[in-house]
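Enquirer: First the structure, then my questions, so here it is.
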Amino acid sequence: MTASESKSAKQRRADGDTPLVELEDICVSFGGIHAVDHVSVDLHPGEVVGLLGHNGAGKSTLIKVLSGAYQMDSGEIRINGDKAEITNPRDARTYNVETIYQTLALADNLDAASNLFLGRELTTKVGLVDDAAMEAECRRIMGGLNPNFRKFSEPVSALSGGQRQSVAIARAVYFNAKILIMDEPTAALGPQETQMVAELIQKLKAQGIGIFLIDHDVHAVMELCDRASVMKNGQLVGTVHIDEVTDDDLLSMIILGKMPGQAAA
Amino acid sequence: MTETTSQPIPSQPKRNLFQQLDLDVRLLGMIGAFVILCIGFNILTDGRFLSPRNLFNLTIQTVSVAIMATGMVFVIVMRHIDLSVGGVLAVTSAVMALVQTKFLPTYLGLGFDNPLTWVIAIAIGLAIGTLIGAFQGWLIGYQGVPAFIVTLGGFLVWRNYGWLFTSGQTIGPLDKNFLVLGGVSGTMGEAVSWTIGVIAVAVSLWAMISSRRGRIQHGFPAKPAWAEGTVMGIVACSILGFVWILNSYDIPTRKLQRMFEAKGEVMPDGLEVGYGLPISVLILIVTAIVMTIVARRTRLGRYIFATGGNPDAAELSGINIRFLTVKVFAIMGFLCALSAVVASARLQNHTNDIGTLDELRVIAAAVIGGTALAGGAGTIYGAILGALVMQSLQSGMAMVGVDAPLQNIVVGSVLVLAVWLDIQYRKRMGAKI
Ligand SMILES: Nc1ncnc2c1ncn2[C@@H]1O[C@H](COP(=O)(O)OP(=O)(O)OP(=O)(O)O)[C@@H](O)[C@H]1O
Ligand SMILES: [Mg+2]
């Protein structure tokens, strides 16, 4: 590791390094609704930025712009300081953006390995899909992620919510994501699996991956994130450093839509 | 198999024989129903139904619908439908008939039965079928018009283009070399058929063994050797049995005599020559193999099934669903044209009503064969077996002398019954659909 890679995210911000991702002045509207209204957020390598807000605040819409699922109406995406053109999910993948969607994007009729490699299948020399190799890789990575995972040859429709979630996470982790988007990754999970995801986030963070984490659980955000950006009605309320605020500050930002200082005033 | 506690692989719940053989229970059920059907008709027709002659004819009659049914599997798996296949078959048949009887021999001066004629005619037919399919796929994928509407329109449009081109007349007789692809007039004789049968056995055994070796190499659980052996035995017997049936339908003596006379030879007394494998059936087999490989072993197939299972997930995984739709309908169009070759060659003419109601037969074959209209599930072999069941039902009833209206009532009811049974089966197996 070079010196610049080992710097903490906090150090990088202090030094004014170029962020890994900058979403600047993003607007998305559906018909007349401004789902995302002039929102700017950024993310450094090795940093976890929490996105908070009430239901329908525009969190998913904002990150779908980065993952290529939605097109923005105006604004700019910069990755490592360079303007990035992301018009579909394939583009996002070329920038090593991986996404775990709130509505688990799995094909129910295919097995875990096929889902893990969907769109990026391993192939044999003659170009046929190599199911055996994919299953082997799938077993290897799932072994590290969720050792209890056994249902390799069944369609994922036969899996529990948590097992399906680990397939979705495995997909994001396997392909060397540099930028990881997690939209409520623990919504369907039990306490043990939630803990597993928390550990995974710490591990990925240590590897220098930048993570956007959308979560309704303020305590989880306090525990896992370096910064939090709060949205309300499509607009950015503000971005705070986690170690400078309390749970209640965050809650009042979410509910009242005011920065901590303002709320006190 | 009881002491599984010390093994790394989790102990399996008690497994029955079928599970150990890892056979497709659905497929077995269908084969079982088919066998019962055949035996029933055989009793009712005093053994005529299972005579080599009838089985041979049955096979030939099934080919055209079966070829299209393999394509319909992809279409339905993608959650679409194609109501235009009969129409596309008709227009491509019309064009190929005109090319080989009018355009090439007269206008281009190639003369009749020129060895190039059939190749050019078929190439043009396949190209047109593919283009029609791709165009419909473009309307569906890129313009967002529902497949039901596009192909309902196509149902009327394409057949009537054929009518327009031919003025509704029967075109024929078709090119001699072309007719070979239809069935009776193009069989490969006993020796070649056996050879092909043996090669087929060798290839399928090799495929099964190498897949097993792959699993063992990676340390995945594999079927017990005896189970694998049993399945191989069944496969080998089915292939060779099929060839044997086709070989045991002898060419009628008078026809054989004429064949010898044509060559200026005298037929030896008591000579018996079997028809063997019709070329049209070989076309179906090759189609089935290619389509199965596409479905199971290519990215294209993987994406078709993924899209059927969850279109949003497929799209978010970077799959270009619009273009995929074009490809799937283009394949369907190509297969319609291929069916048109077989169908018109079998009838020796292009007739204006060729392929009428085929869309319904093809959809029924795919659905009886286990393709779920909800998308995401279906097999090529299932669809072919479905086509065979439909055809057997139809011709069996005709042989028994069931009235035409009653035939249709039975076929329609069987379609619904088959789907109902399938739903019950899936529920039992715990599937969500
Ligand atoms: N595809 C769409 N078409 C129309 N409106 C949409 C679409 N997607 C989102 N919206 C609207 O945009 C707004 C923001 O939705 P979004 O999904 O981004 O909310 P969210 O912050 O992720 O909420 P949640 O916490 O419930 O997931 C909502 O008003 C929603 O109704
Ligand atoms: Mg959301």
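In the structure tokens, chains take the letters A, B, ... in the order shown, each chain's residues start at 1, and ligands count up from 1 in the order shown.
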Find the residues in chain B near chain A: any atom within 6 Å counts, using only C-alpha atoms. Write them as a list in words.
Expert: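 Residues passing the distance filter: Arg297, Thr298, Ala306, Gly309, Asn310, Ala313, Leu316, Ser317 and Gly318 of chain B.
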Enquirer: For ligand 2, list the contacting residues at 12 Å or closer, counting only C-alpha atoms and all ligand atoms, as an mmCIF file with N, CA and C atoms, in the first residue's frame.
Expert:
data_model
loop_
_atom_site.group_PDB
_atom_site.id
_atom_site.type_symbol
_atom_site.label_atom_id
_atom_site.label_comp_id
_atom_site.auth_asym_id
_atom_site.auth_seq_id
_atom_site.Cartn_x
_atom_site.Cartn_y
_atom_site.Cartn_z
ATOM 1 N N ALA A 35 -38.271 14.279 -7.145
ATOM 2 C CA ALA A 35 -37.859 13.210 -6.236
ATOM 3 C C ALA A 35 -36.494 13.525 -5.641
ATOM 4 N N LEU A 51 -27.004 7.598 4.125
ATOM 5 C CA LEU A 51 -28.057 8.440 3.562
ATOM 6 C C LEU A 51 -29.308 8.182 4.376
ATOM 7 N N LEU A 52 -29.836 9.247 4.964
ATOM 8 C CA LEU A 52 -30.992 9.097 5.839
ATOM 9 C C LEU A 52 -32.144 9.936 5.308
ATOM 10 N N GLY A 53 -33.330 9.603 5.787
ATOM 11 C CA GLY A 53 -34.495 10.383 5.391
ATOM 12 C C GLY A 53 -35.748 9.553 5.509
ATOM 13 N N HIS A 54 -36.880 10.261 5.562
ATOM 14 C CA HIS A 54 -38.167 9.548 5.710
ATOM 15 C C HIS A 54 -38.470 8.758 4.437
ATOM 16 N N ASN A 55 -39.513 7.961 4.480
ATOM 17 C CA ASN A 55 -39.911 7.198 3.296
ATOM 18 C C ASN A 55 -40.276 8.160 2.175
ATOM 19 N N GLY A 56 -39.712 7.915 1.011
ATOM 20 C CA GLY A 56 -40.009 8.775 -0.133
ATOM 21 C C GLY A 56 -39.186 10.047 -0.159
ATOM 22 N N ALA A 57 -38.157 10.112 0.670
ATOM 23 C CA ALA A 57 -37.328 11.324 0.704
ATOM 24 C C ALA A 57 -36.502 11.479 -0.563
ATOM 25 N N GLY A 58 -36.257 10.374 -1.256
ATOM 26 C CA GLY A 58 -35.493 10.442 -2.502
ATOM 27 C C GLY A 58 -34.140 9.764 -2.429
ATOM 28 N N LYS A 59 -33.904 9.001 -1.360
ATOM 29 C CA LYS A 59 -32.596 8.354 -1.171
ATOM 30 C C LYS A 59 -32.325 7.341 -2.281
ATOM 31 N N SER A 60 -33.284 6.437 -2.489
ATOM 32 C CA SER A 60 -33.078 5.407 -3.511
ATOM 33 C C SER A 60 -32.920 6.032 -4.880
ATOM 34 N N THR A 61 -33.730 7.040 -5.149
ATOM 35 C CA THR A 61 -33.656 7.686 -6.454
ATOM 36 C C THR A 61 -32.276 8.300 -6.673
ATOM 37 N N LEU A 62 -31.759 8.943 -5.639
ATOM 38 C CA LEU A 62 -30.440 9.573 -5.755
ATOM 39 C C LEU A 62 -29.362 8.543 -6.107
ATOM 40 N N ILE A 63 -29.357 7.433 -5.387
ATOM 41 C CA ILE A 63 -28.279 6.477 -5.638
ATOM 42 C C ILE A 63 -28.508 5.700 -6.938
ATOM 43 N N LYS A 64 -29.765 5.618 -7.386
ATOM 44 C CA LYS A 64 -30.015 4.939 -8.657
ATOM 45 C C LYS A 64 -29.448 5.726 -9.834
ATOM 46 N N ILE A 100 -26.334 -2.905 -4.116
ATOM 47 C CA ILE A 100 -27.253 -3.863 -3.514
ATOM 48 C C ILE A 100 -28.565 -3.129 -3.359
ATOM 49 N N TYR A 101 -29.562 -3.561 -4.137
ATOM 50 C CA TYR A 101 -30.806 -2.810 -4.184
ATOM 51 C C TYR A 101 -31.734 -3.177 -3.037
ATOM 52 N N GLN A 102 -32.539 -2.179 -2.671
ATOM 53 C CA GLN A 102 -33.556 -2.360 -1.644
ATOM 54 C C GLN A 102 -34.484 -3.511 -2.027
ATOM 55 N N THR A 103 -34.931 -3.500 -3.295
ATOM 56 C CA THR A 103 -35.733 -4.609 -3.810
ATOM 57 C C THR A 103 -34.760 -5.566 -4.453
ATOM 58 N N LEU A 104 -34.241 -6.491 -3.688
ATOM 59 C CA LEU A 104 -33.203 -7.425 -4.139
ATOM 60 C C LEU A 104 -33.315 -7.769 -5.608
ATOM 61 N N ILE A 181 -22.877 0.642 -3.218
ATOM 62 C CA ILE A 181 -24.114 1.282 -2.785
ATOM 63 C C ILE A 181 -24.965 0.221 -2.111
ATOM 64 N N MET A 182 -25.348 0.460 -0.868
ATOM 65 C CA MET A 182 -26.182 -0.514 -0.165
ATOM 66 C C MET A 182 -27.476 0.168 0.240
ATOM 67 N N ASP A 183 -28.571 -0.224 -0.403
ATOM 68 C CA ASP A 183 -29.864 0.382 -0.117
ATOM 69 C C ASP A 183 -30.618 -0.509 0.867
ATOM 70 N N GLU A 184 -30.622 -0.142 2.105
ATOM 71 C CA GLU A 184 -31.245 -0.915 3.185
ATOM 72 C C GLU A 184 -30.856 -2.392 3.127
ATOM 73 N N PRO A 185 -29.562 -2.669 3.262
ATOM 74 C CA PRO A 185 -29.100 -4.051 3.103
ATOM 75 C C PRO A 185 -29.582 -4.975 4.211
ATOM 76 N N ALA A 187 -32.597 -4.724 5.766
ATOM 77 C CA ALA A 187 -34.040 -4.619 5.988
ATOM 78 C C ALA A 187 -34.694 -5.981 6.207
ATOM 79 N N LEU A 213 -24.419 4.074 2.314
ATOM 80 C CA LEU A 213 -25.290 3.162 3.050
ATOM 81 C C LEU A 213 -26.614 3.844 3.355
ATOM 82 N N ILE A 214 -27.675 3.296 2.787
ATOM 83 C CA ILE A 214 -29.002 3.823 3.105
ATOM 84 C C ILE A 214 -29.589 2.946 4.199
ATOM 85 N N ASP A 215 -30.017 3.575 5.296
ATOM 86 C CA ASP A 215 -30.531 2.770 6.401
ATOM 87 C C ASP A 215 -31.477 3.634 7.225
ATOM 88 N N HIS A 216 -32.573 3.027 7.681
ATOM 89 C CA HIS A 216 -33.500 3.782 8.529
ATOM 90 C C HIS A 216 -33.099 3.726 10.000
ATOM 91 N N MET A 231 -31.808 13.593 3.879
ATOM 92 C CA MET A 231 -32.679 14.159 2.844
ATOM 93 C C MET A 231 -34.100 14.277 3.367
ATOM 94 N N GLY A 234 -36.913 15.258 -1.054
ATOM 95 C CA GLY A 234 -36.094 15.405 -2.250
ATOM 96 C C GLY A 234 -34.931 16.368 -2.096
#
Enquirer: Would you compute the distance between atom CA of Arg227 of chain A and atom CA of Val240 of chain A? Give it in Å to one decimal.
Expert: 5.6 Å
Enquirer: With distances taken over only C-alpha atoms and all ligand atoms, which residue among A:Gln163, A:Ser29, A:Ser252, A:Asn146 lies nearest ligand 1?
Expert: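 When distances to ligand 1 are compared using only C-alpha atoms and all ligand atoms, the smallest one comes from A:Ser29.
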Enquirer: Taking 5 positions as the minimum chain separation for residues in the same chain, which residues sit within 8 Å of Asp73 of chain A when counting only C-alpha atoms? Answer as number ranges by chain.
Expert: A: 26-29
Enquirer: Any chance you could export the current selection's N, CA and C atoms as a PDB file, in the first residue's frame?
Expert:
ATOM      1  N   ILE A  26     -27.653  17.237  -8.224  1.00  0.00           N
ATOM      2  CA  ILE A  26     -28.446  16.258  -8.970  1.00  0.00           C
ATOM      3  C   ILE A  26     -29.935  16.568  -8.851  1.00  0.00           C
ATOM      4  N   CYS A  27     -30.627  16.552  -9.990  1.00  0.00           N
ATOM      5  CA  CYS A  27     -32.081  16.693  -9.993  1.00  0.00           C
ATOM      6  C   CYS A  27     -32.697  15.527 -10.753  1.00  0.00           C
ATOM      7  N   VAL A  28     -33.720  14.917 -10.165  1.00  0.00           N
ATOM      8  CA  VAL A  28     -34.497  13.889 -10.854  1.00  0.00           C
ATOM      9  C   VAL A  28     -35.958  14.167 -10.562  1.00  0.00           C
ATOM     10  N   SER A  29     -36.776  14.234 -11.594  1.00  0.00           N
ATOM     11  CA  SER A  29     -38.206  14.356 -11.310  1.00  0.00           C
ATOM     12  C   SER A  29     -38.988  13.310 -12.083  1.00  0.00           C
TER      13      SER A  29
END
Enquirer: Can you pull out the residues contacting Met188 of chain B? Cut-off 8 Å, using only C-alpha atoms, and skip same-chain residues under 3 positions away; I want them as a count of residues only.
Expert: 8
Enquirer: Skip Lys205 of chain A itself and residues of its chain fewer than 3 positions away, then list as a count of residues only all residues within 12 Å of it, counting only C-alpha atoms.
Expert: 29
Enquirer: From the list B:Leu246, B:Val77, B:Cys38, B:Ser280, which residue is nearest Met390 of chain B when using only C-alpha atoms?
Expert: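 Using only C-alpha atoms, Met390 of chain B sits closest to B:Cys38.
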Enquirer: Which residue gives the smallest distance to ligand 1 among B:Asp312, B:Leu28, B:Gly189, B:Met78, with only C-alpha atoms and all ligand atoms counted?
Expert: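 Closest candidate: B:Asp312.
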Enquirer: Neighbours of Cys237 of chain B within 12 Å (only C-alpha atoms; same-chain residues fewer than 3 positions away dropped), as a PyMOL selection string?
Expert: chain B and resi 197-198+200-202+204-205+230-234+240-245
Enquirer: What is the distance between atom CA of Met208 of chain B and atom CA of Ala387 of chain B, in Å to one decimal?
Expert: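 Between atom CA of Met208 of chain B and atom CA of Ala387 of chain B the gap works out to 25.7 Å.
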